[in-house]
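Next up, structure22.cif (mmCIF, C-alpha atoms):
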```cif
data_input
#
loop_
_atom_site.label_atom_id
_atom_site.label_comp_id
_atom_site.auth_asym_id
_atom_site.auth_seq_id
_atom_site.Cartn_x
_atom_site.Cartn_y
_atom_site.Cartn_z
CA MET A 28 120.83 66.85 12.04
CA PHE A 29 119.29 66.68 8.57
CA LEU A 30 117.30 69.85 9.22
CA LEU A 31 120.37 71.69 10.46
CA LYS A 32 122.39 70.68 7.39
CA SER A 33 119.51 71.69 5.11
CA VAL A 34 119.25 75.09 6.82
CA TRP A 35 122.99 75.64 6.49
CA ASP A 36 122.81 74.70 2.79
CA ASN A 37 119.95 77.20 2.31
CA ILE A 38 121.95 79.96 4.00
CA LEU A 39 124.94 79.26 1.73
CA PHE A 40 122.75 78.98 -1.37
CA HIS A 41 121.22 82.38 -0.60
CA ALA A 42 124.57 83.75 0.57
CA LYS A 43 124.00 87.32 -0.60
CA ARG A 44 120.53 87.54 0.93
CA SER A 45 121.71 85.90 4.15
CA PHE A 46 124.71 88.24 4.39
CA LEU A 47 122.52 91.33 3.99
CA SER A 48 120.13 90.04 6.64
CA VAL A 49 122.99 89.37 9.07
CA LEU A 50 124.47 92.80 8.30
CA LEU A 51 121.15 94.51 8.99
CA ILE A 52 120.77 92.69 12.31
CA THR A 53 124.39 93.48 13.21
CA ILE A 54 123.90 97.20 12.63
CA ALA A 55 120.59 97.25 14.51
CA SER A 56 122.06 95.23 17.38
CA SER A 57 125.14 97.44 17.76
CA ALA A 58 123.07 100.63 17.47
CA MET A 59 120.79 99.56 20.30
CA LEU A 60 123.69 98.38 22.45
CA LEU A 61 125.76 101.54 21.91
CA TYR A 62 122.82 103.79 22.69
CA ARG A 63 122.04 101.79 25.83
CA GLY A 64 125.73 101.96 26.76
CA PHE A 65 125.78 105.72 26.25
CA VAL A 66 122.73 106.16 28.48
CA GLU A 67 124.27 103.95 31.17
CA TYR A 68 127.59 105.79 30.94
CA SER A 69 125.95 109.20 31.18
CA GLU A 70 123.79 108.30 34.16
CA GLN A 71 126.52 106.37 35.98
CA GLY A 72 129.04 109.12 35.23
CA LEU A 73 126.71 111.73 36.68
CA ALA A 74 126.18 109.63 39.81
CA LEU A 75 129.91 108.97 40.21
CA SER A 76 130.67 112.68 39.99
CA PHE A 77 128.30 113.31 42.92
CA ILE A 78 129.64 110.33 44.87
CA SER A 79 133.29 111.30 44.36
CA ASN A 80 132.54 114.73 45.82
CA SER A 81 130.06 113.80 48.56
CA GLY A 82 130.99 110.22 49.39
CA HIS A 83 128.33 107.53 49.56
CA ILE A 84 127.44 108.55 53.12
CA GLN A 85 128.28 111.63 55.18
CA VAL A 86 128.29 111.67 58.97
CA SER A 87 128.11 114.95 60.86
CA MET A 88 126.81 116.41 64.09
CA LYS A 89 123.03 116.57 64.10
CA SER A 90 122.92 120.37 64.04
CA ALA A 91 125.13 120.39 60.93
CA ALA A 92 123.24 117.90 58.81
CA GLU A 93 121.06 120.19 56.70
CA PRO A 94 121.57 119.52 52.97
CA GLN A 95 122.90 122.97 52.10
CA SER A 96 124.42 123.89 55.43
CA THR A 97 128.10 124.08 56.25
CA GLY A 98 127.11 123.76 59.88
CA THR A 99 128.51 125.40 63.02
CA ALA A 100 128.90 122.22 65.10
CA LEU A 101 132.11 120.47 64.10
CA LEU A 102 133.27 116.94 64.67
CA SER A 103 136.11 116.90 67.17
CA ALA A 104 139.12 114.60 67.01
CA ARG A 105 137.39 112.36 69.55
CA ASP A 106 134.21 112.28 67.46
CA MET A 107 136.16 111.29 64.37
CA GLU A 108 137.99 108.56 66.23
CA THR A 109 134.67 107.24 67.55
CA LEU A 110 133.16 107.20 64.06
CA ARG A 111 136.19 105.44 62.57
CA SER A 112 135.93 102.72 65.20
CA ILE A 113 132.22 102.26 64.36
CA TYR A 114 132.34 101.96 60.59
CA GLY A 115 135.81 100.42 60.66
CA ASP A 116 134.14 97.11 61.50
CA MET A 117 131.77 97.32 58.53
CA PRO A 118 133.10 95.19 55.63
CA VAL A 119 131.15 97.23 53.07
CA VAL A 120 133.18 100.37 53.83
CA LYS A 121 136.05 100.99 51.42
CA SER A 122 137.57 104.21 52.75
CA SER A 123 136.77 107.47 54.51
CA ASP A 124 138.12 110.95 55.05
CA ALA A 125 137.28 114.16 56.84
CA VAL A 126 136.20 117.44 55.23
CA LEU A 127 136.32 120.90 56.76
CA ASN A 128 134.04 123.52 55.22
CA PHE A 129 134.90 127.20 55.33
CA GLN A 130 133.54 130.30 53.63
CA GLY A 131 134.02 134.04 53.58
CA ILE A 132 135.74 136.70 51.48
CA ILE A 133 138.85 136.21 49.36
CA GLY A 134 140.77 138.98 47.69
CA THR A 135 143.93 140.60 46.45
CA ASP A 136 145.06 144.20 46.60
CA THR A 137 142.64 145.11 43.80
CA ASP A 138 139.83 142.55 43.69
CA THR A 139 137.63 140.65 46.15
CA ALA A 140 134.99 137.95 45.93
CA VAL A 141 132.82 135.79 48.14
CA PHE A 142 133.88 132.12 48.26
CA TRP A 143 132.95 128.78 49.69
CA GLY A 144 135.61 126.19 50.19
CA ALA A 145 136.56 122.85 51.65
CA GLY A 146 139.67 121.42 53.23
CA TYR A 147 140.35 117.78 52.40
CA ASP A 148 142.64 115.18 53.86
CA SER A 149 143.65 114.13 50.33
CA PRO A 150 142.75 117.04 48.06
CA GLN A 151 145.35 116.09 45.47
CA HIS A 152 142.87 113.58 44.04
CA LEU A 153 140.81 116.50 42.72
CA GLY A 154 143.71 117.58 40.52
CA ALA A 155 144.38 121.01 39.08
CA THR A 156 143.84 122.08 35.49
CA ASP A 157 146.64 124.59 35.70
CA GLY A 158 149.37 124.89 38.31
CA THR A 159 150.21 122.46 41.12
CA PRO A 160 147.55 120.47 43.02
CA VAL A 161 147.23 120.96 46.77
CA PHE A 162 148.80 118.15 48.79
CA ALA A 163 148.16 117.28 52.42
CA GLY A 164 150.03 119.75 54.62
CA ASP A 165 150.66 122.16 51.77
CA GLN A 166 149.69 125.68 52.82
CA SER A 167 148.40 126.78 49.44
CA LEU A 168 145.04 126.96 47.71
CA VAL A 169 143.54 125.88 44.43
CA LEU A 170 140.76 128.15 43.13
CA GLY A 171 137.96 127.57 40.70
CA LYS A 172 138.83 128.81 37.23
CA GLU A 173 136.24 131.60 37.18
CA LEU A 174 137.29 132.80 40.65
CA PHE A 175 140.95 132.69 39.63
CA GLU A 176 140.21 134.89 36.62
CA THR A 177 138.03 137.24 38.67
CA LEU A 178 140.95 137.92 41.01
CA LYS A 179 143.28 138.36 37.99
CA LEU A 180 145.86 135.93 39.33
CA ASN A 181 148.84 134.41 37.55
CA THR A 182 150.45 131.19 38.82
CA ALA A 183 153.76 132.12 37.18
CA GLN A 184 154.07 135.04 39.63
CA GLU A 185 153.39 132.98 42.79
CA PRO A 186 150.23 134.89 43.67
CA PHE A 187 148.96 135.33 47.21
CA VAL A 188 145.41 135.97 48.38
CA ASN A 189 143.95 137.20 51.66
CA LEU A 190 141.17 135.27 53.37
CA MET A 191 138.57 136.46 55.82
CA SER A 192 136.73 133.35 56.88
CA SER A 193 134.79 131.56 59.60
CA ILE A 194 135.15 127.90 60.48
CA GLY A 195 132.55 126.43 62.79
CA ASP A 196 132.06 128.66 65.84
CA SER A 197 135.68 129.89 65.92
CA GLY A 198 134.69 133.40 64.93
CA LEU A 199 136.35 135.57 62.27
CA LEU A 200 139.67 134.29 60.95
CA THR A 201 142.09 136.06 58.59
CA GLY A 202 145.22 134.96 56.82
CA SER A 203 147.26 135.08 53.63
CA PHE A 204 147.70 132.02 51.42
CA ALA A 205 149.64 131.21 48.27
CA VAL A 206 147.64 130.05 45.23
CA SER A 207 149.18 127.05 43.52
CA GLY A 208 146.73 126.64 40.65
CA TRP A 209 143.19 126.68 39.36
CA LEU A 210 140.65 123.95 38.80
CA ASP A 211 138.08 123.69 36.02
CA THR A 212 135.18 121.53 37.17
CA GLY A 213 133.30 122.15 33.93
CA THR A 214 130.51 124.01 35.73
CA PRO A 215 131.04 127.80 35.73
CA GLN A 216 128.51 128.27 38.55
CA ASN A 217 130.76 126.26 40.86
CA ASP A 218 134.04 127.67 39.64
CA THR A 219 133.08 131.25 40.50
CA ARG A 220 133.19 130.52 44.26
CA LEU A 221 135.31 127.38 44.65
CA VAL A 222 138.36 127.23 46.96
CA ILE A 223 140.17 123.96 47.79
CA ALA A 224 142.71 123.58 50.57
CA SER A 225 144.43 121.02 52.76
CA ARG A 226 142.44 120.42 55.95
CA SER A 227 145.54 119.99 58.09
CA ALA A 228 147.04 123.20 56.68
CA LEU A 229 143.89 125.17 57.52
CA LEU A 230 143.86 123.84 61.07
CA ASP A 231 147.55 124.60 61.58
CA PHE A 232 147.43 128.04 59.99
CA PHE A 233 144.41 129.22 61.97
CA GLU A 234 145.65 127.38 65.10
CA LEU A 235 142.49 125.31 65.47
CA LYS A 236 142.08 121.92 67.11
CA ASP A 237 141.65 118.87 64.90
CA SER A 238 138.06 119.06 63.63
CA ALA A 239 135.92 118.50 60.57
CA SER A 240 132.51 119.48 59.26
CA TYR A 241 131.70 115.89 58.31
CA MET A 242 133.16 112.49 57.50
CA ARG A 243 132.84 111.07 54.01
CA ILE A 244 132.38 107.30 53.79
CA TYR A 245 132.99 105.44 50.52
CA LEU A 246 131.60 101.94 49.99
CA HIS A 247 132.77 99.05 47.84
CA LYS A 248 129.38 98.81 46.12
CA ASP A 249 126.74 101.46 45.50
CA THR A 250 124.03 98.91 46.27
CA ASP A 251 125.29 98.60 49.87
CA MET A 252 124.45 102.22 50.66
CA PRO A 253 120.87 101.83 52.05
CA ALA A 254 121.85 98.97 54.37
CA ALA A 255 125.04 100.73 55.52
CA GLN A 256 123.22 103.98 56.25
CA ALA A 257 120.45 102.15 58.12
CA ALA A 258 123.05 100.29 60.20
CA LEU A 259 124.79 103.53 61.18
CA ASP A 260 121.53 105.30 62.02
CA SER A 261 120.44 102.35 64.14
CA TYR A 262 123.77 102.29 65.99
CA PHE A 263 123.65 106.04 66.67
CA ALA A 264 120.08 105.83 67.97
CA GLU A 265 120.78 102.76 70.11
CA HIS A 266 123.83 104.32 71.77
CA GLN A 267 122.34 107.86 71.83
CA LEU A 268 125.21 109.37 69.85
CA PRO A 269 124.79 112.95 68.50
CA TYR A 270 125.54 112.03 64.88
CA GLN A 271 123.41 111.96 61.79
CA THR A 272 123.93 110.44 58.35
CA GLN A 273 123.03 111.59 54.87
CA ASN A 274 123.60 109.73 51.64
CA TRP A 275 124.84 111.35 48.46
CA LYS A 276 121.34 111.63 47.00
CA GLU A 277 120.12 113.55 50.05
CA ARG A 278 123.15 115.82 49.87
CA ASN A 279 122.47 116.47 46.19
CA PRO A 280 118.72 117.04 45.75
CA SER A 281 119.24 118.03 42.11
CA TRP A 282 120.26 114.44 41.31
CA GLU A 283 116.68 113.14 41.27
CA GLN A 284 115.52 115.98 39.01
CA ILE A 285 118.44 115.65 36.61
CA SER A 286 118.28 111.84 36.58
CA GLY A 287 114.49 111.84 36.14
CA LEU A 288 114.66 114.26 33.22
CA PHE A 289 117.47 112.28 31.62
CA ARG A 290 115.63 108.96 32.02
CA ASN A 291 112.45 110.39 30.49
CA GLN A 292 114.34 111.74 27.50
CA SER A 293 116.32 108.54 26.97
CA SER A 294 113.19 106.39 27.36
CA PHE A 295 111.35 108.42 24.71
CA ILE A 296 114.29 108.13 22.30
CA SER A 297 114.60 104.41 23.09
CA ILE A 298 110.95 103.79 22.22
CA ILE A 299 111.40 105.51 18.85
CA LEU A 300 114.62 103.56 18.20
CA TYR A 301 112.98 100.24 19.12
CA ILE A 302 109.99 100.93 16.86
CA LEU A 303 112.22 101.83 13.90
CA ILE A 304 114.41 98.75 14.36
CA PHE A 305 111.41 96.45 14.86
CA THR A 306 109.75 97.77 11.70
CA ALA A 307 112.92 97.59 9.61
CA LEU A 308 113.87 94.07 10.71
CA THR A 309 110.43 92.52 10.44
CA GLN A 310 109.82 94.08 7.02
CA SER A 311 113.22 93.06 5.63
CA LEU A 312 113.36 89.52 7.03
CA SER A 313 109.72 88.78 6.31
CA ALA A 314 110.05 90.00 2.72
CA SER A 315 113.21 87.92 2.30
CA PHE A 316 111.44 84.71 3.32
CA MET A 317 108.23 85.55 1.44
CA GLU A 318 110.25 85.68 -1.79
CA ARG A 319 111.14 82.02 -1.19
CA ILE A 320 107.62 80.69 -0.66
CA GLY A 321 107.82 78.80 -3.96
CA GLU A 322 111.02 77.15 -2.77
CA PHE A 323 109.29 75.95 0.40
CA GLY A 324 106.43 74.58 -1.72
CA THR A 325 108.93 72.62 -3.81
CA MET A 326 110.39 71.12 -0.61
CA GLU A 327 106.92 69.87 0.31
CA ALA A 328 106.40 68.51 -3.21
CA ILE A 329 109.52 66.33 -2.98
CA GLY A 330 108.31 64.79 0.28
CA LEU A 331 109.37 67.07 3.12
CA LYS A 332 106.69 67.41 5.77
CA ARG A 333 105.13 70.84 6.27
CA SER A 334 106.11 70.81 9.96
CA SER A 335 109.72 70.19 8.91
CA VAL A 336 109.58 73.12 6.48
CA ILE A 337 108.36 75.38 9.28
CA GLN A 338 111.08 74.07 11.59
CA MET A 339 113.68 74.82 8.91
CA LEU A 340 112.27 78.34 8.55
CA VAL A 341 112.46 79.00 12.29
CA LEU A 342 115.91 77.44 12.59
CA GLU A 343 117.24 79.52 9.71
CA VAL A 344 116.02 82.82 11.16
CA CYS A 345 117.45 81.81 14.55
CA LEU A 346 120.90 81.16 13.05
CA ILE A 347 120.81 84.41 11.10
CA SER A 348 119.68 86.34 14.18
CA LEU A 349 122.38 84.79 16.38
CA ALA A 350 125.03 85.58 13.79
CA GLY A 351 123.82 89.18 13.63
CA ILE A 352 123.67 89.46 17.42
CA ILE A 353 127.24 88.22 17.80
CA GLY A 354 128.34 90.62 15.08
CA GLY A 355 126.46 93.45 16.78
CA ILE A 356 128.12 92.82 20.15
CA VAL A 357 131.56 92.70 18.51
CA LEU A 358 130.83 95.87 16.51
CA ALA A 359 129.60 97.69 19.62
CA GLN A 360 132.74 96.74 21.56
CA LEU A 361 134.87 97.80 18.60
CA GLY A 362 133.07 101.14 18.45
CA ASN A 363 133.63 101.66 22.17
CA SER A 364 137.33 100.89 21.79
CA LEU A 365 137.67 103.26 18.85
CA THR A 366 136.15 106.16 20.79
CA GLU A 367 138.70 105.58 23.55
CA ILE A 368 141.64 105.23 21.15
CA CYS A 369 140.63 108.33 19.19
CA ASN A 370 139.93 110.20 22.45
CA ILE A 371 136.57 111.45 21.21
CA THR A 372 135.09 114.00 23.62
CA MET A 373 131.75 115.70 24.19
CA THR A 374 130.66 118.77 26.13
CA PRO A 375 127.43 118.28 28.13
CA PRO A 376 124.87 121.15 28.19
CA GLY A 377 125.77 123.78 30.78
CA TYR A 378 129.40 122.64 30.96
CA THR A 379 132.51 124.33 29.58
CA ARG A 380 134.76 121.30 29.88
CA ALA A 381 134.68 118.40 27.41
CA TYR A 382 134.61 114.83 28.69
CA ARG A 383 135.74 111.66 26.97
CA LEU A 384 132.94 109.81 25.22
CA SER A 385 132.51 106.23 26.30
CA PHE A 386 129.89 103.48 26.35
CA TYR A 387 129.14 101.58 29.54
CA ILE A 388 128.14 98.20 28.08
CA THR A 389 126.87 95.89 30.81
CA LEU A 390 125.65 92.30 30.79
CA PRO A 391 122.00 93.30 31.55
CA ALA A 392 122.13 95.77 28.64
CA ILE A 393 123.43 93.05 26.31
CA LEU A 394 120.78 90.56 27.42
CA THR A 395 117.82 92.93 27.11
CA THR A 396 118.75 94.52 23.78
CA GLN A 397 119.80 91.28 22.11
CA PHE A 398 116.72 89.43 23.35
CA PHE A 399 114.64 92.12 21.64
CA ILE A 400 116.60 91.59 18.41
CA PHE A 401 116.18 87.81 18.61
CA LEU A 402 112.47 88.10 19.38
CA THR A 403 112.02 90.49 16.45
CA GLY A 404 113.68 87.93 14.17
CA ILE A 405 111.25 85.23 15.34
CA ILE A 406 108.25 87.53 14.84
CA SER A 407 109.42 88.35 11.31
CA VAL A 408 108.77 84.76 10.14
CA LEU A 409 105.21 84.59 11.48
CA HIS A 410 103.78 85.84 8.17
CA PRO A 411 105.76 83.34 6.05
CA MET A 412 104.79 80.54 8.47
CA TYR A 413 101.12 81.54 8.23
CA THR A 414 101.34 81.55 4.44
CA ILE A 415 102.90 78.06 4.36
CA CYS A 416 100.20 76.68 6.68
CA LYS A 417 97.33 78.34 4.80
CA HIS A 418 98.11 77.25 1.22
CA SER A 419 98.44 73.88 -0.38
CA THR A 420 101.66 72.58 -1.91
CA VAL A 421 100.60 73.48 -5.46
CA GLN A 422 99.54 76.98 -4.37
CA LEU A 423 102.89 77.50 -2.62
CA ILE A 424 104.81 76.48 -5.74
CA HIS A 425 102.91 79.02 -7.84
CA TYR A 426 102.70 81.64 -5.07
CA ASN A 427 103.49 85.16 -6.31
CA GLY A 428 102.36 87.26 -3.31
#
```
Structure rendered as structure tokens:
Amino acid sequence: MFLLKSVWDNILFHAKRSFLSVLLITIASSAMLLYRGFVEYSEQGLALSFISNSGHIQVSMKSAAEPQSTGTALLSARDMETLRSIYGDMPVVKSSDAVLNFQGIIGTDTDTAVFWGAGYDSPQHLGATDGTPVFAGDQSLVLGKELFETLKLNTAQEPFVNLMSSIGDSGLLTGSFAVSGWLDTGTPQNDTRLVIASRSALLDFFELKDSASYMRIYLHKDTDMPAAQAALDSYFAEHQLPYQTQNWKERNPSWEQISGLFRNQSSFISIILYILIFTALTQSLSASFMERIGEFGTMEAIGLKRSSVIQMLVLEVCLISLAGIIGGIVLAQLGNSLTEICNITMTPPGYTRAYRLSFYITLPAILTTQFFIFLTGIISVLHPMYTICKHSTVQLIHYNG
């Protein structure tokens, strides 16, 4: 208790120096945490964008399971009912829906373009940047922004487009649809060919039986995906069912390349940031304690044991580090809240649409970054501790570096 009171008195006596040390640790702590949060947010956001479009797991007929294939073998109503009964008993499954792929030529009286599209059970969740989203049963389309502009359409004039398409093995299908709006996904390459429709409306309009290209399965937790996919594959093989699964990573081969490149870049930047913070903290804290070597010598001269002096030194840097860490966590959370309140946005490379900036601060990120800060604080007093152990009391009192 005596040591703790003495350390607290030292911190108050050197209030200005202690405040600057805590401030430095706070800034370093929040900088590391915000950067880690930005990396986590960017990577998780990229994964969620793939998952929201592909689902965690897709189930299709075996002949339609190639990564870039729309497939010709469709799931029938009976197939879909069978699949729902299978994964309906799996507690890890959150929801599911059916998707019907179609592709062909879309055009007006003056312009035409090649498209690829999908009919969803609940397409309204995709939204529309301009115009009215497509709802289940609504016989209208939402086009990608670039495709909408290519066809020179105007939602105020209730535009119509003609489709020449093929769905599964049904042959050539034609029809005229209203366009209710356009969607900006942020990726021009996608928007030049994108068409979104209601699956039920497509089936009714083209007079097709209830069918789908694949079923999308969404899970409660991302970590359940390998086990859930293995369970489905095992069930299909055991009962000799003609279905095949693919997870969202298999459906999006570019994910591994993009994620790998992003991790390499962020790791390189993190190493530089860690080195700079380690150097700055150790230099500042060590210099701050080295300036007080004479004070520690005086403590020994009035009867305080050398081991107690070292304990006081370690305890003081621990308290200062903890105060800075707490301040850093609070500052990082405050910075995250401010970006949300101010609606700060950023436009990723290759995108035309800005997204809200946010920081995904997790408990593992807090533990790892703040442990590094705390460890750096401990390392910073190794030189002062060595100096105290090496010199006699008289030498410490007259120590001038």
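Proximity to Val344 of chain A was assessed for A:Ile405, A:Met373, A:Val421, A:Leu308 counting all atoms listed in the file; the smallest distance is recorded for A:Ile405.
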From the list A:Leu300, A:Leu31, A:Ile347, A:Leu61, the nearest residue to Arg44 of chain A using only C-alpha atoms is A:Ile347
Identify, on the basis of only C-alpha atoms, every residue whose closest approach to Ile388 of chain A does not exceed 9 Å; exclude the query and any residue fewer than 4 positions from it along the same chain; express the result as a PyMOL selection string. chain A and resi 60-61+63-65+67-68+359-360+363+392-393
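Picture a line from atom CA of Met412 of chain A to atom CA of Arg319 of chain A; it runs 11.7 Å.
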So that I can check the surroundings of segment 294-298 of chain A, please list as a list of chain:residue names every protein, DNA and RNA residue that reaches within 10 Å of it, counting all atoms listed in the file and ignoring chain neighbours fewer than 5 positions away. A:Met59, A:Tyr62, A:Arg63, A:Val66, A:Leu288, A:Phe289, A:Leu303, A:Ile304
Once the PyMOL selection byres ((chain A and resi 134) around 9) has been evaluated on this model, what residues remain selected, and can you format them as a ChimeraX atom specification? /A:132-133,135-141,178,187-191
Selected residues, C-alpha atoms, written as a CSV table (one decimal), keeping the file's coordinate frame, please.
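Output file again_19.csv is given in full below:
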```csv
chain,number,residue,atom,x,y,z
A,132,ILE,CA,135.7,136.7,51.5
A,133,ILE,CA,138.8,136.2,49.4
A,135,THR,CA,143.9,140.6,46.4
A,136,ASP,CA,145.1,144.2,46.6
A,137,THR,CA,142.6,145.1,43.8
A,138,ASP,CA,139.8,142.6,43.7
A,139,THR,CA,137.6,140.6,46.2
A,140,ALA,CA,135.0,138.0,45.9
A,141,VAL,CA,132.8,135.8,48.1
A,178,LEU,CA,141.0,137.9,41.0
A,187,PHE,CA,149.0,135.3,47.2
A,188,VAL,CA,145.4,136.0,48.4
A,189,ASN,CA,144.0,137.2,51.7
A,190,LEU,CA,141.2,135.3,53.4
A,191,MET,CA,138.6,136.5,55.8
```
Which is closer to Ser76 of chain A than all the others in A:Lys276, A:His41, A:Lys236, A:His247, using all atoms listed in the file? A:Lys276
Kindly resolve the PyMOL selection byres ((chain A and resi 194) around 12) on the present coordinates and return the residues as a ChimeraX atom specification. /A:97-102,126-131,143-146,190-193,195-201,226,229-230,233-240
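Checking A:Gln85, A:Ser348, A:Thr395, A:Ser56 one by one against Arg278 of chain A, counting all atoms listed in the file, you find the shortest gap at A:Gln85.
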